[in-house]
>>> print(open('my_file.pdb').read())   # PDB, C-alpha atoms, pLDDT in the B column
ATOM      1  CA  MET D   1      95.419  69.519 119.919  1.00 68.00           C
ATOM      2  CA  ALA D   2      98.009  71.660 118.129  1.00 80.00           C
ATOM      3  CA  ARG D   3      98.837  71.216 114.467  1.00 88.00           C
ATOM      4  CA  LYS D   4     102.357  69.972 113.831  1.00 91.00           C
ATOM      5  CA  ASP D   5     104.715  69.777 110.875  1.00 90.00           C
ATOM      6  CA  ASN D   6     106.434  66.594 109.721  1.00 90.00           C
ATOM      7  CA  ARG D   7     109.246  67.164 112.264  1.00 91.00           C
ATOM      8  CA  GLY D   8     106.820  67.480 115.176  1.00 91.00           C
ATOM      9  CA  ARG D   9     107.071  71.271 115.616  1.00 92.00           C
ATOM     10  CA  ASN D  10     103.932  73.200 116.548  1.00 93.00           C
ATOM     11  CA  LEU D  11     102.499  75.407 113.795  1.00 92.00           C
ATOM     12  CA  ARG D  12     100.993  78.787 114.597  1.00 92.00           C
ATOM     13  CA  THR D  13      97.729  80.191 113.310  1.00 91.00           C
ATOM     14  CA  GLY D  14      97.929  80.717 109.564  1.00 91.00           C
ATOM     15  CA  GLU D  15     100.920  78.438 109.127  1.00 93.00           C
ATOM     16  CA  GLY D  16     100.806  75.139 107.313  1.00 93.00           C
ATOM     17  CA  GLN D  17     102.970  72.625 105.572  1.00 93.00           C
ATOM     18  CA  ARG D  18     102.476  71.417 102.030  1.00 93.00           C
ATOM     19  CA  PRO D  19     102.979  67.785 101.025  1.00 92.00           C
ATOM     20  CA  ASP D  20     106.282  68.699  99.326  1.00 93.00           C
ATOM     21  CA  GLY D  21     107.644  69.983 102.670  1.00 92.00           C
ATOM     22  CA  HIS D  22     107.376  73.727 101.961  1.00 94.00           C
ATOM     23  CA  TYR D  23     105.847  75.879 104.667  1.00 95.00           C
ATOM     24  CA  LEU D  24     103.118  78.376 103.899  1.00 94.00           C
ATOM     25  CA  TYR D  25     101.570  81.297 105.717  1.00 94.00           C
ATOM     26  CA  ARG D  26      98.141  82.662 104.865  1.00 93.00           C
ATOM     27  CA  TYR D  27      96.650  85.892 106.107  1.00 90.00           C
ATOM     28  CA  THR D  28      93.980  88.402 105.180  1.00 86.00           C
ATOM     29  CA  ASP D  29      95.312  91.791 104.125  1.00 79.00           C
ATOM     30  CA  SER D  30      93.647  94.437 106.294  1.00 73.00           C
ATOM     31  CA  GLN D  31      93.743  97.101 103.557  1.00 71.00           C
ATOM     32  CA  THR D  32      92.314  95.114 100.663  1.00 72.00           C
ATOM     33  CA  GLY D  33      90.483  92.346 102.499  1.00 78.00           C
ATOM     34  CA  LYS D  34      92.046  89.774 100.154  1.00 82.00           C
ATOM     35  CA  ARG D  35      93.565  86.500 101.250  1.00 88.00           C
ATOM     36  CA  GLU D  36      97.340  86.449 100.684  1.00 87.00           C
ATOM     37  CA  SER D  37      99.900  83.694 101.132  1.00 89.00           C
ATOM     38  CA  PHE D  38     103.639  83.145 100.845  1.00 89.00           C
ATOM     39  CA  TYR D  39     105.909  80.127 101.043  1.00 92.00           C
ATOM     40  CA  HIS D  40     109.362  79.181 102.270  1.00 93.00           C
ATOM     41  CA  THR D  41     111.344  75.982 102.715  1.00 93.00           C
ATOM     42  CA  ASP D  42     112.478  76.910 106.234  1.00 93.00           C
ATOM     43  CA  LEU D  43     110.038  77.515 109.095  1.00 93.00           C
ATOM     44  CA  ALA D  44     112.340  80.034 110.820  1.00 93.00           C
ATOM     45  CA  GLU D  45     112.611  82.118 107.633  1.00 94.00           C
ATOM     46  CA  LEU D  46     108.841  81.915 107.155  1.00 93.00           C
ATOM     47  CA  ARG D  47     108.308  83.299 110.642  1.00 94.00           C
ATOM     48  CA  LYS D  48     110.676  86.199 109.914  1.00 94.00           C
ATOM     49  CA  MET D  49     108.576  86.980 106.866  1.00 91.00           C
ATOM     50  CA  GLU D  50     105.431  86.784 109.041  1.00 91.00           C
ATOM     51  CA  LYS D  51     106.879  89.402 111.408  1.00 92.00           C
ATOM     52  CA  GLU D  52     107.680  91.732 108.504  1.00 88.00           C
ATOM     53  CA  VAL D  53     104.150  91.413 107.111  1.00 86.00           C
ATOM     54  CA  ALA D  54     102.603  92.015 110.545  1.00 86.00           C
ATOM     55  CA  ARG D  55     104.803  95.090 111.073  1.00 87.00           C
ATOM     56  CA  ASP D  56     103.924  96.460 107.621  1.00 81.00           C
ATOM     57  CA  MET D  57     100.217  95.927 108.221  1.00 80.00           C
ATOM     58  CA  ASP D  58     100.444  97.691 111.601  1.00 80.00           C
ATOM     59  CA  ASP D  59     102.250 100.635 109.982  1.00 76.00           C
ATOM     60  CA  GLY D  60      99.751 100.773 107.114  1.00 71.00           C
ATOM     61  CA  ILE D  61     102.388 100.001 104.493  1.00 71.00           C
ATOM     62  CA  ALA D  62     101.189  98.397 101.290  1.00 66.00           C
ATOM     63  CA  THR D  63     102.207  94.780 100.964  1.00 63.00           C
ATOM     64  CA  ALA D  64     104.240  93.518  98.028  1.00 62.00           C
ATOM     65  CA  SER D  65     101.175  92.164  96.271  1.00 64.00           C
ATOM     66  CA  ASP D  66      99.482  95.574  96.572  1.00 67.00           C
ATOM     67  CA  ALA D  67     102.536  97.329  95.160  1.00 70.00           C
ATOM     68  CA  LYS D  68     102.616  95.016  92.153  1.00 72.00           C
ATOM     69  CA  LYS D  69      99.041  95.941  91.288  1.00 79.00           C
ATOM     70  CA  MET D  70      99.261  99.670  92.073  1.00 85.00           C
ATOM     71  CA  GLU D  71      99.355 102.205  89.255  1.00 89.00           C
ATOM     72  CA  VAL D  72     101.678 105.203  89.289  1.00 90.00           C
ATOM     73  CA  ASN D  73      98.648 107.541  89.400  1.00 92.00           C
ATOM     74  CA  THR D  74      97.429 105.850  92.588  1.00 90.00           C
ATOM     75  CA  LEU D  75     100.854 106.169  94.157  1.00 88.00           C
ATOM     76  CA  PHE D  76     100.932 109.887  93.302  1.00 91.00           C
ATOM     77  CA  GLU D  77      97.497 110.376  94.903  1.00 91.00           C
ATOM     78  CA  LYS D  78      98.677 108.611  98.061  1.00 87.00           C
ATOM     79  CA  TYR D  79     101.780 110.810  98.106  1.00 88.00           C
ATOM     80  CA  LEU D  80      99.690 113.973  97.869  1.00 91.00           C
ATOM     81  CA  SER D  81      97.340 112.822 100.616  1.00 89.00           C
ATOM     82  CA  VAL D  82     100.220 112.183 103.030  1.00 86.00           C
ATOM     83  CA  ARG D  83     102.458 115.122 102.171  1.00 88.00           C
ATOM     84  CA  LYS D  84     101.824 118.579 103.638  1.00 91.00           C
ATOM     85  CA  LEU D  85     102.165 121.053 100.774  1.00 91.00           C
ATOM     86  CA  SER D  86     101.095 124.630 100.275  1.00 94.00           C
ATOM     87  CA  ASP D  87      98.145 125.166  97.933  1.00 94.00           C
ATOM     88  CA  SER D  88     100.263 126.671  95.168  1.00 95.00           C
ATOM     89  CA  THR D  89     102.798 123.839  95.289  1.00 95.00           C
ATOM     90  CA  ARG D  90     100.060 121.205  95.295  1.00 94.00           C
ATOM     91  CA  SER D  91      98.282 122.786  92.327  1.00 95.00           C
ATOM     92  CA  ASN D  92     101.580 123.033  90.433  1.00 95.00           C
ATOM     93  CA  TYR D  93     102.350 119.334  91.102  1.00 93.00           C
ATOM     94  CA  VAL D  94      98.872 118.302  89.933  1.00 94.00           C
ATOM     95  CA  ARG D  95      99.029 120.480  86.825  1.00 95.00           C
ATOM     96  CA  MET D  96     102.429 119.120  85.781  1.00 92.00           C
ATOM     97  CA  TRP D  97     101.262 115.582  86.530  1.00 92.00           C
ATOM     98  CA  ASP D  98      98.179 116.018  84.374  1.00 93.00           C
ATOM     99  CA  ILE D  99     100.179 117.454  81.468  1.00 91.00           C
ATOM    100  CA  HIS D 100     103.185 115.105  81.409  1.00 89.00           C
ATOM    101  CA  ILE D 101     102.513 111.873  83.257  1.00 90.00           C
ATOM    102  CA  LYS D 102      98.866 111.056  83.930  1.00 91.00           C
ATOM    103  CA  ASP D 103      97.854 109.545  80.593  1.00 89.00           C
ATOM    104  CA  ASP D 104     101.026 107.659  79.653  1.00 88.00           C
ATOM    105  CA  LEU D 105     103.345 106.750  82.504  1.00 89.00           C
ATOM    106  CA  GLY D 106     100.638 107.173  85.144  1.00 89.00           C
ATOM    107  CA  LYS D 107      98.615 104.226  83.883  1.00 91.00           C
ATOM    108  CA  MET D 108     101.544 101.812  84.181  1.00 90.00           C
ATOM    109  CA  LYS D 109     101.959  99.546  87.187  1.00 89.00           C
ATOM    110  CA  VAL D 110     104.607 100.755  89.627  1.00 86.00           C
ATOM    111  CA  MET D 111     106.586  97.534  89.282  1.00 84.00           C
ATOM    112  CA  GLN D 112     106.737  97.941  85.485  1.00 88.00           C
ATOM    113  CA  VAL D 113     108.337 101.401  85.478  1.00 88.00           C
ATOM    114  CA  ARG D 114     112.000 101.271  84.502  1.00 91.00           C
ATOM    115  CA  PRO D 115     114.703 103.954  84.452  1.00 92.00           C
ATOM    116  CA  SER D 116     114.416 104.046  80.668  1.00 93.00           C
ATOM    117  CA  HIS D 117     110.798 105.229  81.014  1.00 90.00           C
ATOM    118  CA  ILE D 118     111.878 108.101  83.257  1.00 89.00           C
ATOM    119  CA  LYS D 119     114.723 109.053  80.898  1.00 92.00           C
ATOM    120  CA  ALA D 120     112.315 109.100  77.955  1.00 89.00           C
ATOM    121  CA  LEU D 121     109.960 111.327  79.957  1.00 86.00           C
ATOM    122  CA  PHE D 122     112.700 113.852  80.705  1.00 87.00           C
ATOM    123  CA  GLN D 123     113.832 113.868  77.072  1.00 89.00           C
ATOM    124  CA  ALA D 124     110.281 114.611  75.952  1.00 82.00           C
ATOM    125  CA  ILE D 125     109.864 117.542  78.364  1.00 76.00           C
TER     126      ILE D 125
END
>>> encode(input="my_file.pdb", output="structure tokens")
Amino acid sequence: MARKDNRGRNLRTGEGQRPDGHYLYRYTDSQTGKRESFYHTDLAELRKMEKEVARDMDDGIATASDAKKMEVNTLFEKYLSVRKLSDSTRSNYVRMWDIHIKDDLGKMKVMQVRPSHIKALFQAI
């Protein structure tokens, strides 16, 4: 027997409806192994969000919750691992990163970095 919402529509795996009428979708993030969930008032919009999450997981893109927790240093390491650079360029990037960014700006969360932080960095250099 299929699960249904209060309007009689069938709910897919991972979908549910809260007592206040909001729909929710729960899934396990393949990269972190953590259980994630998001909500919406409209089932059609929730399913669009489901498709985006599934596409991002297939492509190996970090989800929004991962990006909120990620530090700038981690993002830089991921960039270097993906990017094909010559040895001299890579060593120059790492050296400049270690001197100017690693200890201050690098320890901030990516979502917390503002243009004013970048401007202050360039003024200090």
>>> resolve_selection(input="my_file.pdb", expression="the PyMOL selection byres ((chain D and resi 13-27) around 8)", output="ChimeraX atom specification")
/D:5-6,11-12,28-29,35-43,46,50
>>> write_last_selection(input="my_file.pdb", atoms="C-alpha atoms", output="PDB file, keeping the file's coordinate frame")
ATOM      1  CA  ASP D   5     104.715  69.777 110.875  1.00 90.00           C
ATOM      2  CA  ASN D   6     106.434  66.594 109.721  1.00 90.00           C
ATOM      3  CA  LEU D  11     102.499  75.407 113.795  1.00 92.00           C
ATOM      4  CA  ARG D  12     100.993  78.787 114.597  1.00 92.00           C
ATOM      5  CA  THR D  28      93.980  88.402 105.180  1.00 86.00           C
ATOM      6  CA  ASP D  29      95.312  91.791 104.125  1.00 79.00           C
ATOM      7  CA  ARG D  35      93.565  86.500 101.250  1.00 88.00           C
ATOM      8  CA  GLU D  36      97.340  86.449 100.684  1.00 87.00           C
ATOM      9  CA  SER D  37      99.900  83.694 101.132  1.00 89.00           C
ATOM     10  CA  PHE D  38     103.639  83.145 100.845  1.00 89.00           C
ATOM     11  CA  TYR D  39     105.909  80.127 101.043  1.00 92.00           C
ATOM     12  CA  HIS D  40     109.362  79.181 102.270  1.00 93.00           C
ATOM     13  CA  THR D  41     111.344  75.982 102.715  1.00 93.00           C
ATOM     14  CA  ASP D  42     112.478  76.910 106.234  1.00 93.00           C
ATOM     15  CA  LEU D  43     110.038  77.515 109.095  1.00 93.00           C
ATOM     16  CA  LEU D  46     108.841  81.915 107.155  1.00 93.00           C
ATOM     17  CA  GLU D  50     105.431  86.784 109.041  1.00 91.00           C
TER      18      GLU D  50
END
>>> resolve_selection(input="my_file.pdb", expression="the PyMOL selection byres ((chain D and resi 108-123) around 6)", output="VMD selection string")
chain D and resid 68 70 to 72 105 to 107 124 to 125
>>> closest_residue(input="my_file.pdb", among="D:Ala2, D:Ser30, D:Ala67, D:Asn73", to="Ala54 in chain D", atoms="all atoms listed in the file")
D:Ser30
>>> atom_distance(input="my_file.pdb", atom1="CA of Lys34 in chain D", atom2="CA of Lys69 in chain D")
12.9 Å
>>> atom_distance(input="my_file.pdb", atom1="CA of Asp58 in chain D", atom2="CA of Arg9 in chain D")
27.5 Å
>>> atom_distance(input="my_file.pdb", atom1="CA of Phe76 in chain D", atom2="CA of Gln31 in chain D")
17.9 Å
>>> residues_around(input="my_file.pdb", residues="Tyr93 in chain D", least_positions_apart="3", cutoff="12 Å", atoms="all atoms listed in the file", output="ChimeraX atom specification")
/D:76-77,79-80,83,85-90,96-102
>>> axis_aligned_box(input="my_file.pdb", around="range 1-14 of chain D", padding_each_side="8 Å", output="lines of an AutoDock Vina configuration file")
center_x = 102.3
center_y = 73.7
center_z = 114.7
size_x = 29.8
size_y = 30.1
size_z = 26.4
>>> decode(input="my_file.pdb", residues="range 26-53 of chain D", atoms="N, CA, C and O atoms", output="tab-separated table (two decimals), in the first residue's frame")
chain	number	residue	atom	x	y	z
D	26	ARG	N	13.76	13.49	2.67
D	26	ARG	CA	14.96	13.09	3.41
D	26	ARG	C	15.79	12.15	2.55
D	26	ARG	O	15.25	11.29	1.86
D	27	TYR	N	17.09	12.34	2.63
D	27	TYR	CA	18.01	11.51	1.86
D	27	TYR	C	19.33	11.43	2.61
D	27	TYR	O	19.61	12.23	3.50
D	28	THR	N	20.15	10.47	2.24
D	28	THR	CA	21.47	10.33	2.82
D	28	THR	C	22.48	10.84	1.81
D	28	THR	O	22.53	10.37	0.67
D	29	ASP	N	23.28	11.81	2.22
D	29	ASP	CA	24.29	12.39	1.34
D	29	ASP	C	25.37	11.35	1.10
D	29	ASP	O	25.95	10.81	2.03
D	30	SER	N	25.66	11.07	-0.17
D	30	SER	CA	26.63	10.02	-0.51
D	30	SER	C	28.06	10.41	-0.16
D	30	SER	O	28.89	9.54	0.07
D	31	GLN	N	28.37	11.70	-0.11
D	31	GLN	CA	29.73	12.13	0.19
D	31	GLN	C	30.02	12.10	1.68
D	31	GLN	O	31.08	11.67	2.10
D	32	THR	N	29.09	12.57	2.49
D	32	THR	CA	29.32	12.67	3.92
D	32	THR	C	28.70	11.53	4.70
D	32	THR	O	29.10	11.26	5.83
D	33	GLY	N	27.70	10.87	4.13
D	33	GLY	CA	27.01	9.80	4.83
D	33	GLY	C	26.00	10.31	5.85
D	33	GLY	O	25.43	9.53	6.60
D	34	LYS	N	25.77	11.62	5.87
D	34	LYS	CA	24.83	12.21	6.83
D	34	LYS	C	23.44	12.29	6.24
D	34	LYS	O	23.25	12.42	5.04
D	35	ARG	N	22.46	12.21	7.11
D	35	ARG	CA	21.06	12.31	6.71
D	35	ARG	C	20.71	13.79	6.57
D	35	ARG	O	20.93	14.59	7.47
D	36	GLU	N	20.18	14.17	5.42
D	36	GLU	CA	19.80	15.55	5.13
D	36	GLU	C	18.31	15.60	4.83
D	36	GLU	O	17.71	14.60	4.43
D	37	SER	N	17.71	16.76	5.01
D	37	SER	CA	16.30	16.92	4.68
D	37	SER	C	16.03	18.37	4.28
D	37	SER	O	16.76	19.27	4.66
D	38	PHE	N	14.99	18.56	3.47
D	38	PHE	CA	14.53	19.90	3.14
D	38	PHE	C	13.02	19.86	2.98
D	38	PHE	O	12.41	18.81	2.81
D	39	TYR	N	12.42	21.05	3.07
D	39	TYR	CA	10.98	21.18	3.14
D	39	TYR	C	10.46	22.15	2.09
D	39	TYR	O	11.19	23.02	1.66
D	40	HIS	N	9.20	21.98	1.73
D	40	HIS	CA	8.53	22.93	0.85
D	40	HIS	C	7.03	22.79	1.04
D	40	HIS	O	6.54	21.72	1.43
D	41	THR	N	6.30	23.85	0.75
D	41	THR	CA	4.84	23.81	0.91
D	41	THR	C	4.15	23.16	-0.28
D	41	THR	O	3.01	22.71	-0.15
D	42	ASP	N	4.83	23.08	-1.41
D	42	ASP	CA	4.25	22.54	-2.63
D	42	ASP	C	4.98	21.26	-3.03
D	42	ASP	O	6.21	21.24	-3.11
D	43	LEU	N	4.24	20.20	-3.30
D	43	LEU	CA	4.86	18.92	-3.65
D	43	LEU	C	5.61	19.00	-4.98
D	43	LEU	O	6.69	18.42	-5.12
D	44	ALA	N	5.08	19.73	-5.94
D	44	ALA	CA	5.76	19.85	-7.25
D	44	ALA	C	7.11	20.55	-7.09
D	44	ALA	O	8.10	20.13	-7.69
D	45	GLU	N	7.15	21.60	-6.29
D	45	GLU	CA	8.42	22.31	-6.05
D	45	GLU	C	9.40	21.43	-5.29
D	45	GLU	O	10.60	21.46	-5.54
D	46	LEU	N	8.89	20.64	-4.35
D	46	LEU	CA	9.75	19.72	-3.60
D	46	LEU	C	10.39	18.71	-4.54
D	46	LEU	O	11.57	18.41	-4.44
D	47	ARG	N	9.63	18.23	-5.49
D	47	ARG	CA	10.17	17.24	-6.44
D	47	ARG	C	11.19	17.86	-7.38
D	47	ARG	O	12.14	17.19	-7.80
D	48	LYS	N	11.05	19.14	-7.70
D	48	LYS	CA	12.09	19.82	-8.48
D	48	LYS	C	13.38	19.90	-7.68
D	48	LYS	O	14.47	19.68	-8.22
D	49	MET	N	13.24	20.19	-6.40
D	49	MET	CA	14.42	20.25	-5.53
D	49	MET	C	15.06	18.87	-5.41
D	49	MET	O	16.29	18.75	-5.38
D	50	GLU	N	14.25	17.81	-5.37
D	50	GLU	CA	14.76	16.44	-5.33
D	50	GLU	C	15.62	16.15	-6.55
D	50	GLU	O	16.69	15.55	-6.44
D	51	LYS	N	15.14	16.55	-7.73
D	51	LYS	CA	15.88	16.32	-8.97
D	51	LYS	C	17.23	17.05	-8.94
D	51	LYS	O	18.24	16.50	-9.38
D	52	GLU	N	17.23	18.28	-8.44
D	52	GLU	CA	18.49	19.03	-8.37
D	52	GLU	C	19.48	18.35	-7.44
D	52	GLU	O	20.67	18.25	-7.76
D	53	VAL	N	19.01	17.87	-6.30
D	53	VAL	CA	19.89	17.19	-5.34
D	53	VAL	C	20.42	15.90	-5.95
D	53	VAL	O	21.62	15.60	-5.84
